[in-house]
file input18.cif (mmCIF, C-alpha atoms)
data_upload
#
loop_
_atom_site.label_atom_id
_atom_site.label_comp_id
_atom_site.auth_asym_id
_atom_site.auth_seq_id
_atom_site.Cartn_x
_atom_site.Cartn_y
_atom_site.Cartn_z
CA MET A 27 88.36 150.30 120.56
CA ALA A 28 91.12 147.77 120.24
CA VAL A 29 92.36 146.41 123.50
CA ASN A 30 96.04 145.63 123.79
CA PHE A 31 96.39 142.29 125.54
CA GLY A 32 100.17 142.39 125.21
CA TYR A 33 100.29 139.57 122.64
CA SER A 34 99.08 139.04 119.08
CA ILE A 35 98.31 136.24 116.65
CA SER A 36 101.51 134.71 115.35
CA THR A 37 101.81 133.95 111.66
CA THR A 38 102.49 130.35 110.72
CA ARG A 39 106.03 129.23 109.98
CA VAL A 40 104.74 126.37 107.85
CA ILE A 41 105.56 126.70 104.18
CA ASN A 42 102.45 125.81 102.23
CA PHE A 43 103.58 124.57 98.83
CA ASP A 44 100.04 124.98 97.49
CA ASN A 45 100.32 128.77 97.90
CA CYS A 46 103.88 129.13 96.67
CA ASP A 47 104.66 130.97 93.47
CA PHE A 48 107.51 129.17 91.75
CA ASN A 49 107.67 131.55 88.78
CA LEU A 50 110.79 133.38 89.93
CA LEU A 51 112.54 130.04 90.43
CA HIS A 52 111.57 128.95 86.93
CA GLN A 53 112.87 132.23 85.51
CA LEU A 54 116.21 131.70 87.23
CA GLU A 55 116.47 128.07 86.11
CA GLU A 56 115.90 129.16 82.56
CA ILE A 57 118.80 131.64 82.67
CA VAL A 58 121.14 129.43 84.74
CA PRO A 59 120.12 125.79 84.07
CA SER A 60 123.00 124.38 86.13
CA TYR A 61 121.24 125.78 89.23
CA LYS A 62 118.96 122.71 89.18
CA ARG A 63 121.87 120.36 89.87
CA CYS A 64 122.51 121.50 93.45
CA LEU A 65 123.29 118.78 96.01
CA ASN A 66 123.11 121.10 99.01
CA CYS A 67 126.62 120.14 100.10
CA GLY A 68 127.41 123.63 101.38
CA ALA A 69 130.90 123.90 99.89
CA CYS A 70 129.87 127.30 98.48
CA THR A 71 129.04 128.58 101.95
CA ALA A 72 132.20 127.13 103.46
CA THR A 73 134.44 128.99 101.04
CA CYS A 74 132.40 132.19 100.90
CA SER A 75 134.28 135.42 101.77
CA ALA A 76 131.11 137.20 102.90
CA GLN A 77 130.17 134.30 105.18
CA GLN A 78 133.25 134.93 107.32
CA PHE A 79 132.05 138.32 108.48
CA THR A 80 128.27 138.14 108.22
CA LYS A 81 125.51 135.56 108.55
CA PHE A 82 125.37 135.30 104.76
CA ASN A 83 124.66 131.67 103.76
CA ILE A 84 124.43 131.16 100.03
CA ARG A 85 123.41 127.49 100.34
CA LYS A 86 120.47 128.44 102.53
CA ILE A 87 119.52 131.32 100.26
CA LYS A 88 119.47 128.81 97.41
CA SER A 89 117.27 126.46 99.46
CA LEU A 90 114.86 129.29 100.32
CA PHE A 91 114.73 130.46 96.72
CA THR A 92 114.02 126.89 95.57
CA SER A 93 111.11 126.69 98.03
CA ALA A 94 109.81 130.08 96.79
CA GLN A 95 110.54 131.82 100.11
CA TYR A 96 111.69 135.09 98.56
CA ASP A 97 111.12 137.46 101.51
CA LYS A 98 114.25 139.24 102.73
CA LEU A 99 116.42 137.43 100.15
CA ALA A 100 117.13 140.60 98.14
CA LYS A 101 118.67 142.30 101.16
CA GLU A 102 120.64 139.15 102.05
CA LEU A 103 122.04 138.86 98.55
CA ASP A 104 123.50 142.39 98.80
CA LYS A 105 126.11 140.93 101.14
CA CYS A 106 127.65 138.93 98.28
CA MET A 107 130.75 140.54 96.79
CA LEU A 108 130.57 138.40 93.64
CA CYS A 109 134.10 137.12 94.14
CA GLY A 110 133.13 133.80 92.55
CA LYS A 111 134.95 131.44 94.91
CA CYS A 112 131.72 129.46 95.33
CA THR A 113 131.67 128.76 91.60
CA LEU A 114 135.19 127.36 91.82
CA VAL A 115 134.42 124.85 94.58
CA CYS A 116 130.98 123.61 93.47
CA PRO A 117 131.19 119.83 92.87
CA ARG A 118 128.23 119.91 90.50
CA GLY A 119 129.70 122.73 88.42
CA ILE A 120 126.90 125.18 89.12
CA ASN A 121 127.46 128.59 87.62
CA LEU A 122 126.87 130.27 90.97
CA ARG A 123 128.15 133.75 90.34
CA PRO A 124 125.69 134.42 87.49
CA ALA A 125 123.03 132.61 89.52
CA ILE A 126 123.46 135.14 92.35
CA MET A 127 123.54 138.06 89.92
CA ASN A 128 120.33 136.88 88.30
CA MET A 129 118.65 136.16 91.64
CA ARG A 130 119.26 139.82 92.48
CA LYS A 131 117.87 140.99 89.14
CA ILE A 132 114.79 138.77 89.35
CA LEU A 133 114.06 139.82 92.93
CA SER A 134 114.42 143.53 92.11
CA ASN A 135 111.88 143.14 89.26
CA LYS A 136 109.47 141.25 91.51
CA MET B 6 126.83 63.25 89.20
CA LYS B 7 126.44 65.29 92.41
CA LYS B 8 122.95 66.55 93.19
CA ILE B 9 122.33 70.16 94.18
CA ALA B 10 118.98 71.42 95.42
CA VAL B 11 118.26 75.10 94.80
CA ILE B 12 115.37 76.73 96.66
CA GLY B 13 113.68 79.65 94.94
CA ALA B 14 113.33 80.30 91.20
CA GLY B 15 114.16 83.98 91.21
CA PRO B 16 117.17 85.50 89.45
CA ALA B 17 119.63 84.07 92.01
CA GLY B 18 118.19 80.55 91.94
CA ILE B 19 118.00 80.40 88.16
CA GLU B 20 121.45 81.89 87.55
CA ALA B 21 123.16 79.53 90.01
CA SER B 22 121.20 76.51 88.71
CA TYR B 23 122.30 77.30 85.17
CA ILE B 24 125.98 77.53 86.06
CA LEU B 25 125.92 74.38 88.19
CA ALA B 26 123.99 72.40 85.57
CA SER B 27 126.44 73.56 82.89
CA ASN B 28 129.27 72.17 85.02
CA ASN B 29 128.02 68.62 85.46
CA PHE B 30 125.86 68.94 88.51
CA GLU B 31 122.35 67.61 88.62
CA VAL B 32 120.17 70.50 89.77
CA THR B 33 116.65 70.42 91.18
CA LEU B 34 115.16 73.88 91.46
CA PHE B 35 112.24 74.17 93.88
CA GLU B 36 109.79 77.07 93.57
CA LYS B 37 106.90 77.55 95.97
CA SER B 38 104.66 79.47 93.55
CA SER B 39 103.35 78.27 90.22
CA SER B 40 105.76 80.29 88.07
CA PRO B 41 109.33 81.59 88.38
CA LEU B 42 110.60 85.19 88.59
CA SER B 43 107.46 86.76 90.03
CA ASN B 44 109.34 89.68 91.67
CA ILE B 45 111.02 90.67 88.40
CA LEU B 46 107.78 90.30 86.45
CA ASP B 47 106.09 92.79 88.81
CA LYS B 48 108.31 95.47 87.33
CA ALA B 49 108.11 97.36 84.07
CA TYR B 50 111.60 98.76 83.50
CA LEU B 51 114.79 98.35 85.46
CA PHE B 52 117.28 100.88 86.77
CA PRO B 53 119.66 102.32 85.76
CA ASP B 54 119.23 101.72 82.02
CA PHE B 55 115.41 101.43 81.70
CA SER B 56 115.80 97.98 80.16
CA SER B 57 112.68 95.83 80.04
CA ALA B 58 111.99 93.59 83.03
CA THR B 59 110.10 91.15 80.79
CA GLU B 60 113.09 90.80 78.47
CA LEU B 61 115.38 90.04 81.40
CA ALA B 62 112.86 87.49 82.70
CA ASP B 63 112.77 85.85 79.27
CA LYS B 64 116.56 85.64 79.13
CA LEU B 65 116.69 84.13 82.61
CA SER B 66 113.85 81.70 81.88
CA ALA B 67 115.75 80.49 78.82
CA LYS B 68 118.54 79.35 81.17
CA LEU B 69 116.12 76.87 82.71
CA LEU B 70 116.14 74.91 79.44
CA GLN B 71 119.72 73.82 80.17
CA LYS B 72 119.86 70.06 80.56
CA ASN B 73 120.43 68.71 84.08
CA ILE B 74 117.99 71.25 85.55
CA GLN B 75 114.72 69.93 86.86
CA VAL B 76 112.26 72.66 87.90
CA VAL B 77 109.70 71.70 90.54
CA LEU B 78 106.96 74.32 90.84
CA ASP B 79 104.36 74.67 93.62
CA LYS B 80 106.74 73.05 96.05
CA GLU B 81 107.53 74.88 99.27
CA ILE B 82 110.59 73.70 101.16
CA VAL B 83 110.30 74.45 104.88
CA ASP B 84 113.24 72.64 106.45
CA ILE B 85 116.58 71.00 105.67
CA LYS B 86 117.98 68.08 107.67
CA LYS B 87 121.53 66.75 107.48
CA ASP B 88 121.81 62.98 107.41
CA GLY B 89 125.45 61.93 107.17
CA ASP B 90 126.72 63.43 103.90
CA ILE B 91 123.21 63.76 102.54
CA TYR B 92 120.75 66.65 102.93
CA LYS B 93 117.04 66.04 103.16
CA LEU B 94 114.80 68.89 102.09
CA ILE B 95 111.42 68.67 103.75
CA ASP B 96 108.51 70.19 101.85
CA LYS B 97 105.24 71.46 103.23
CA GLU B 98 103.59 68.06 102.68
CA GLU B 99 106.39 66.57 104.80
CA LYS B 100 107.89 64.66 101.89
CA SER B 101 111.66 64.72 101.67
CA HIS B 102 113.96 65.36 98.71
CA ILE B 103 117.60 64.36 98.72
CA ALA B 104 120.67 66.40 97.69
CA ASP B 105 124.44 66.61 98.23
CA ALA B 106 124.28 70.36 98.89
CA VAL B 107 121.61 73.03 99.09
CA LEU B 108 121.53 76.60 97.82
CA ILE B 109 119.02 78.92 99.45
CA ALA B 110 117.77 81.63 97.10
CA THR B 111 114.43 82.33 98.70
CA GLY B 112 114.65 86.07 98.22
CA TYR B 113 112.75 89.03 99.58
CA THR B 114 109.27 90.42 99.81
CA ILE B 115 108.24 94.07 99.72
CA PHE B 116 107.59 95.79 103.08
CA ASP B 117 103.88 95.87 103.89
CA ALA B 118 103.11 99.60 103.83
CA HIS B 119 99.91 99.11 105.85
CA ARG B 120 102.21 98.84 108.86
CA LYS B 121 103.10 102.54 108.59
CA GLU B 122 99.62 103.67 109.56
CA GLU B 123 100.56 107.35 109.61
CA TYR B 124 100.74 107.33 105.79
CA GLY B 125 97.28 105.82 105.38
CA TYR B 126 98.11 103.17 102.82
CA GLY B 127 94.97 101.11 102.22
CA ILE B 128 92.88 103.91 103.78
CA TYR B 129 93.42 106.89 101.46
CA LYS B 130 93.16 106.02 97.80
CA GLY B 131 95.78 108.57 96.83
CA VAL B 132 98.48 106.68 98.72
CA VAL B 133 100.21 103.94 96.74
CA THR B 134 103.43 101.94 97.07
CA SER B 135 106.31 101.91 94.65
CA LEU B 136 105.12 98.48 93.53
CA ASP B 137 101.61 99.81 92.79
CA LEU B 138 103.13 102.66 90.78
CA GLU B 139 105.34 100.20 88.91
CA LYS B 140 102.17 98.36 87.82
CA MET B 141 100.60 101.67 86.72
CA ILE B 142 103.72 102.44 84.70
CA ARG B 143 103.65 98.94 83.24
CA HIS B 144 100.06 99.40 82.07
CA LYS B 145 100.79 102.99 81.05
CA GLN B 146 97.93 104.22 83.26
CA ILE B 147 98.89 106.70 85.97
CA PHE B 148 95.77 107.98 87.70
CA ASN B 149 94.94 109.64 90.99
CA SER B 150 92.29 108.41 93.45
CA ILE B 151 89.38 109.72 91.37
CA GLY B 152 90.67 108.50 88.02
CA ASP B 153 92.14 111.81 86.82
CA ILE B 154 95.62 112.50 85.56
CA PRO B 155 97.62 113.56 88.64
CA SER B 156 99.08 117.05 88.58
CA ARG B 157 101.38 116.55 91.55
CA ILE B 158 103.12 113.30 92.49
CA THR B 159 105.19 112.92 95.63
CA PHE B 160 107.58 110.12 96.46
CA LEU B 161 108.62 109.28 100.01
CA GLN B 162 111.82 107.33 100.61
CA CYS B 163 112.65 104.88 103.40
CA VAL B 164 109.19 103.46 104.12
CA GLY B 165 109.94 100.41 106.27
CA SER B 166 113.69 100.95 105.97
CA ARG B 167 116.01 102.85 108.30
CA ASP B 168 113.11 102.89 110.70
CA GLU B 169 113.20 101.67 114.27
CA LYS B 170 109.40 101.72 114.38
CA SER B 171 109.19 99.10 111.64
CA GLY B 172 111.93 97.07 113.29
CA ASN B 173 114.09 97.58 110.21
CA ASN B 174 117.16 99.65 110.93
CA TYR B 175 118.85 98.61 107.68
CA CYS B 176 118.83 100.44 104.36
CA SER B 177 116.96 98.63 101.58
CA LYS B 178 119.50 99.98 99.12
CA VAL B 179 117.46 99.96 95.91
CA CYS B 180 114.63 102.39 96.76
CA CYS B 181 116.62 105.63 96.24
CA VAL B 182 117.44 104.87 92.65
CA THR B 183 114.05 103.22 92.05
CA ALA B 184 112.28 106.47 93.04
CA VAL B 185 114.52 108.43 90.68
CA LYS B 186 113.81 105.91 87.90
CA GLN B 187 110.07 105.97 88.52
CA ALA B 188 110.00 109.78 88.77
CA ILE B 189 111.64 109.97 85.33
CA GLU B 190 109.09 107.49 83.95
CA VAL B 191 106.25 109.56 85.41
CA ARG B 192 107.78 112.72 83.90
CA LYS B 193 107.89 111.05 80.46
CA ALA B 194 104.22 110.07 80.80
CA LEU B 195 103.05 113.36 82.36
CA PRO B 196 105.18 116.25 81.07
CA ASP B 197 103.27 118.91 83.05
CA ALA B 198 103.10 117.24 86.46
CA GLU B 199 104.99 118.50 89.49
CA ILE B 200 107.15 115.70 90.88
CA TYR B 201 108.71 115.72 94.35
CA ILE B 202 110.97 113.23 96.09
CA PHE B 203 111.25 113.48 99.88
CA TYR B 204 114.42 111.85 101.14
CA MET B 205 116.62 111.56 104.22
CA ASP B 206 119.79 110.75 102.27
CA LEU B 207 120.09 109.85 98.63
CA ARG B 208 122.25 106.75 98.34
CA MET B 209 123.32 106.58 94.73
CA TRP B 210 125.80 103.76 95.21
CA GLY B 211 125.76 101.98 91.85
CA GLN B 212 127.31 102.67 88.50
CA GLY B 213 125.11 105.12 86.62
CA PHE B 214 122.91 105.94 89.62
CA GLU B 215 124.41 109.33 90.47
CA GLU B 216 124.23 110.30 86.81
CA LEU B 217 120.56 109.31 86.77
CA TYR B 218 119.92 111.48 89.83
CA ARG B 219 121.66 114.42 88.20
CA GLU B 220 119.66 113.89 85.01
CA ALA B 221 116.43 113.74 87.04
CA GLN B 222 117.21 117.16 88.51
CA GLU B 223 118.50 118.85 85.41
CA LYS B 224 116.61 117.33 82.51
CA TYR B 225 113.39 116.02 84.06
CA ASP B 226 112.68 118.77 86.62
CA ILE B 227 112.24 116.41 89.53
CA ARG B 228 112.33 118.32 92.84
CA PHE B 229 114.18 116.81 95.78
CA VAL B 230 113.21 117.86 99.31
CA ARG B 231 115.33 116.68 102.23
CA GLY B 232 112.93 115.67 104.96
CA ARG B 233 110.84 112.72 106.02
CA ILE B 234 107.08 113.07 105.68
CA SER B 235 105.69 112.56 109.16
CA GLU B 236 102.07 111.93 108.29
CA ALA B 237 99.53 112.01 105.51
CA SER B 238 95.84 112.78 105.66
CA ALA B 239 93.02 112.87 103.14
CA THR B 240 91.48 116.10 101.86
CA PHE B 241 87.80 116.49 100.96
CA ASP B 242 88.63 116.49 97.24
CA GLY B 243 90.41 113.16 97.25
CA LYS B 244 93.95 114.47 97.56
CA VAL B 245 96.51 113.65 100.20
CA GLN B 246 97.92 116.33 102.48
CA ILE B 247 101.43 115.71 103.71
CA LYS B 248 103.56 117.29 106.40
CA SER B 249 107.32 117.37 106.51
CA GLU B 250 110.21 119.60 107.38
CA ASP B 251 112.38 121.10 104.71
CA THR B 252 115.50 120.33 106.70
CA LEU B 253 117.72 122.46 104.46
CA ILE B 254 115.77 125.56 105.44
CA GLY B 255 114.77 124.41 108.89
CA GLN B 256 111.10 125.14 108.39
CA PRO B 257 108.05 122.88 108.36
CA LEU B 258 106.15 122.53 105.12
CA LYS B 259 102.87 121.08 103.95
CA MET B 260 101.32 120.41 100.59
CA ASN B 261 98.51 118.60 98.89
CA THR B 262 99.43 115.93 96.41
CA ASP B 263 97.40 113.76 94.03
CA LEU B 264 99.51 110.69 94.57
CA LEU B 265 101.78 109.84 97.46
CA VAL B 266 104.13 107.03 96.47
CA LEU B 267 105.64 105.13 99.39
CA MET B 268 109.03 103.63 98.52
CA ALA B 269 108.52 100.39 100.43
CA GLY B 270 111.70 98.58 101.38
CA MET B 271 112.80 94.96 101.17
CA GLU B 272 112.17 92.36 103.86
CA PRO B 273 113.06 88.66 103.92
CA SER B 274 110.37 86.60 102.17
CA GLN B 275 108.23 84.21 104.19
CA GLY B 276 110.26 81.33 102.73
CA THR B 277 113.52 82.96 103.81
CA LYS B 278 112.20 83.44 107.34
CA THR B 279 110.87 79.87 107.61
CA ILE B 280 114.08 78.17 106.47
CA GLY B 281 116.21 80.57 108.49
CA LYS B 282 114.25 79.71 111.61
CA ASN B 283 113.94 75.96 111.12
CA CYS B 284 117.60 75.46 110.17
CA HIS B 285 118.87 78.00 112.72
CA ILE B 286 120.75 79.94 110.04
CA GLY B 287 118.69 83.13 110.24
CA GLY B 288 120.32 86.31 111.42
CA GLU B 289 119.41 89.89 112.01
CA TYR B 290 115.98 90.92 110.69
CA GLN B 291 115.46 87.22 109.78
CA PHE B 292 117.57 87.35 106.65
CA ILE B 293 119.83 84.29 106.24
CA SER B 294 123.22 85.14 107.72
CA SER B 295 126.42 84.32 105.86
CA GLN B 296 129.71 83.33 107.45
CA GLY B 297 131.73 86.35 106.41
CA ALA B 298 131.19 89.87 105.21
CA HIS B 299 133.99 89.67 102.63
CA ILE B 300 134.93 86.08 101.93
CA GLN B 301 132.71 83.06 102.62
CA ASP B 302 129.70 85.28 102.01
CA ASN B 303 127.87 82.43 100.25
CA LEU B 304 128.33 79.99 103.13
CA THR B 305 125.73 79.76 105.85
CA THR B 306 126.57 78.65 109.38
CA MET B 307 125.40 75.11 108.43
CA GLU B 308 127.87 73.05 106.41
CA GLY B 309 126.70 72.19 102.90
CA ILE B 310 124.03 74.87 102.83
CA TYR B 311 124.78 77.92 100.71
CA VAL B 312 122.95 81.20 100.25
CA ALA B 313 122.67 83.71 97.40
CA GLY B 314 120.79 86.89 96.62
CA THR B 315 118.22 88.82 98.62
CA ALA B 316 117.62 85.96 101.07
CA LYS B 317 120.77 87.39 102.64
CA ARG B 318 120.24 91.15 102.45
CA PRO B 319 118.69 93.72 100.12
CA MET B 320 120.46 93.90 96.76
CA SER B 321 119.87 94.99 93.18
CA ILE B 322 119.23 92.47 90.40
CA ARG B 323 122.74 93.02 89.07
CA ASP B 324 124.27 92.27 92.47
CA THR B 325 121.94 89.30 92.94
CA LEU B 326 123.13 87.72 89.69
CA THR B 327 126.78 88.32 90.61
CA ASP B 328 126.16 86.82 94.03
CA ALA B 329 124.50 83.77 92.45
CA ASP B 330 127.56 83.30 90.19
CA SER B 331 129.79 83.45 93.22
CA ALA B 332 127.63 80.93 95.12
CA ALA B 333 127.80 78.53 92.16
CA VAL B 334 131.59 78.84 92.06
CA GLN B 335 131.76 78.20 95.80
CA ILE B 336 129.69 75.01 95.41
CA MET B 337 131.86 73.86 92.49
CA MET B 338 135.00 74.45 94.57
CA ASP B 339 133.61 72.50 97.53
CA LEU B 340 131.91 69.62 95.72
CA GLY B 341 133.45 69.42 92.26
CA GLU B 342 136.26 67.10 91.21
CA LYS B 343 139.66 68.42 92.23
CA LEU B 344 142.84 68.21 90.19
#

call {"tool": "encode", "arguments": {"input": "input18.cif", "output": "structure tokens"}}
result
Amino acid sequence: MAVNFGYSISTTRVINFDNCDFNLLHQLEEIVPSYKRCLNCGACTATCSAQQFTKFNIRKIKSLFTSAQYDKLAKELDKCMLCGKCTLVCPRGINLRPAIMNMRKILSNK
Amino acid sequence: MKKIAVIGAGPAGIEASYILASNNFEVTLFEKSSSPLSNILDKAYLFPDFSSATELADKLSAKLLQKNIQVVLDKEIVDIKKDGDIYKLIDKEEKSHIADAVLIATGYTIFDAHRKEEYGYGIYKGVVTSLDLEKMIRHKQIFNSIGDIPSRITFLQCVGSRDEKSGNNYCSKVCCVTAVKQAIEVRKALPDAEIYIFYMDLRMWGQGFEELYREAQEKYDIRFVRGRISEASATFDGKVQIKSEDTLIGQPLKMNTDLLVLMAGMEPSQGTKTIGKNCHIGGEYQFISSQGAHIQDNLTTMEGIYVAGTAKRPMSIRDTLTDADSAAVQIMMDLGEKL
């Protein structure tokens, strides 16, 4: 019989790149090649309409996606209203609106 | 004819010697090793245009054929004494050489990566410096510690630069773009390898550098991770395990890599330190200090002694040559015949 000690083993927060599956990232980069150019400046997040009312952070979602941390991203991405302001401000000319659309598609096919 | 002594036959020393000799000065160029341009000849290709280092060295060497330049190899100058209007350069054998003015172009040396013990350079075979990699690229042989083709190569920026622990708080300036250049060269040699660059900031200050960075991301699939690797350790199969934080996510990460390339920074060369100390013209970090940050940047605090190139601070080859030109002009203004 399992005894409840009131605590459990915590899972590691360390991202292990050796166990990451970068296939979804590669799929996205193939559809939206400009995605690779990101500088992580955060202008997209600063201008984002959704960011003003929720914790939605498109720059961080991009960083997580790039590091193959896909968990919970699909739900996060639902907050985006696809207004496209991020695309307008991006200094590296990343086609962000289609990038978000395709992230959603790729994650739903996962 | 006025006599100028130039110390150090690197790009700065050669460029300045050539200009001075072409303008009726008698130049003696002292070099402590047995051949000139050793730092350039360590390299294969140069940023940002991937031009050949050997070709540049040949072009610079050709300038030494200019008449009025006497090159003295294997001669290490350790001190300079002022005697009236004359300068006496003292060599290691305590012989003196006479000149009307002196240009110090004693340059830099690469940071000794052994000093950053946490990365295991010299202990783990999979850990190399940017200079080691440059030699591999030059010989077109990029191998991991057990002689196989590496499948993952990781670069780490700011080794011995921007680092209180190394005593070097300054930025070495050229490593950012050098890593990008080398990563592209590795990509061309190994199309299937995974290539990562760990950085704190990417300082793409020069013309063409930012474009090269962008090209590295977009065309050559080089991955940039913002975070400083804190330590490296060996794995049983000859790889190197590294730990870092992905600071854009705020989560720690680890990975195994076949090669860890440490982007070692620039430090003053032994010659720069010696002359700086003996003539009391050394400054912070033992580089030679100049009189002014904007003008008088080729003047040292000792009258008649000038400085050019990386003896002063880290700079690229392009900036070194420009600085040497400016030092030569300064000497011509001070010592040449006036209207």

call {"tool": "residues_around", "arguments": {"input": "input18.cif", "residues": "Ile87 (chain A)", "least_positions_apart": "6", "cutoff": "10 Å", "atoms": "only C-alpha atoms", "output": "list of chain:residue names"}}
result
A:Ser93, A:Gln95, A:Tyr96, A:Lys98, A:Leu99, A:Ala100, A:Glu102, A:Leu103, A:Ile126, A:Met129, B:Leu253, B:Ile254

call {"tool": "residues_around", "arguments": {"input": "input18.cif", "residues": "Gly110 (chain A)", "least_positions_apart": "3", "cutoff": "7 Å", "atoms": "all atoms listed in the file", "output": "mmCIF file with C-alpha atoms, in the coordinates of the input"}}
result
data_model
loop_
_atom_site.group_PDB
_atom_site.id
_atom_site.type_symbol
_atom_site.label_atom_id
_atom_site.label_comp_id
_atom_site.auth_asym_id
_atom_site.auth_seq_id
_atom_site.Cartn_x
_atom_site.Cartn_y
_atom_site.Cartn_z
ATOM 1 C CA THR A 113 131.670 128.760 91.600
ATOM 2 C CA LEU A 114 135.190 127.360 91.820
ATOM 3 C CA ARG A 123 128.150 133.750 90.340
#

call {"tool": "resolve_selection", "arguments": {"input": "input18.cif", "expression": "the PyMOL selection byres ((chain A) within 10 of (chain B))", "output": "PyMOL selection string"}}
result
chain A and resi 38-46+55+59-66+85-90+92-93+95+118

call {"tool": "resolve_selection", "arguments": {"input": "input18.cif", "expression": "the PyMOL selection byres ((chain B and resi 49) around 8)", "output": "number ranges by chain"}}
result
B: 46-48, 50-51, 57-59, 139-140, 142-143

call {"tool": "atom_distance", "arguments": {"input": "input18.cif", "atom1": "CA of Ala239 (chain B)", "atom2": "CA of Ala184 (chain B)"}}
result
22.7 Å

call {"tool": "residues_around", "arguments": {"input": "input18.cif", "residues": "region 103-105 of chain B", "least_positions_apart": "6", "cutoff": "7 Å", "atoms": "only C-alpha atoms", "output": "number ranges by chain"}}
result
B: 7-10, 90-94

call {"tool": "residues_near_point", "arguments": {"input": "input18.cif", "point": "(107.7, 70.9, 102.1)", "cutoff": "7 Å", "atoms": "all atoms listed in the file", "output": "ChimeraX atom specification"}}
result
/B:80-83,95-100

call {"tool": "residues_near_point", "arguments": {"input": "input18.cif", "point": "(107.4, 142.7, 90.4)", "cutoff": "12 Å", "atoms": "only C-alpha atoms", "output": "mmCIF file with C-alpha atoms, keeping the file's coordinate frame"}}
result
data_model
loop_
_atom_site.group_PDB
_atom_site.id
_atom_site.type_symbol
_atom_site.label_atom_id
_atom_site.label_comp_id
_atom_site.auth_asym_id
_atom_site.auth_seq_id
_atom_site.Cartn_x
_atom_site.Cartn_y
_atom_site.Cartn_z
ATOM 1 C CA ASN A 49 107.670 131.550 88.780
ATOM 2 C CA LEU A 50 110.790 133.380 89.930
ATOM 3 C CA TYR A 96 111.690 135.090 98.560
ATOM 4 C CA LYS A 131 117.870 140.990 89.140
ATOM 5 C CA ILE A 132 114.790 138.770 89.350
ATOM 6 C CA LEU A 133 114.060 139.820 92.930
ATOM 7 C CA SER A 134 114.420 143.530 92.110
ATOM 8 C CA ASN A 135 111.880 143.140 89.260
ATOM 9 C CA LYS A 136 109.470 141.250 91.510
#

call {"tool": "atom_distance", "arguments": {"input": "input18.cif", "atom1": "CA of Ile234 (chain B)", "atom2": "CA of Ile128 (chain B)"}}
result
17.0 Å

call {"tool": "atom_distance", "arguments": {"input": "input18.cif", "atom1": "CA of Asp263 (chain B)", "atom2": "CA of Gly125 (chain B)"}}
result
13.9 Å
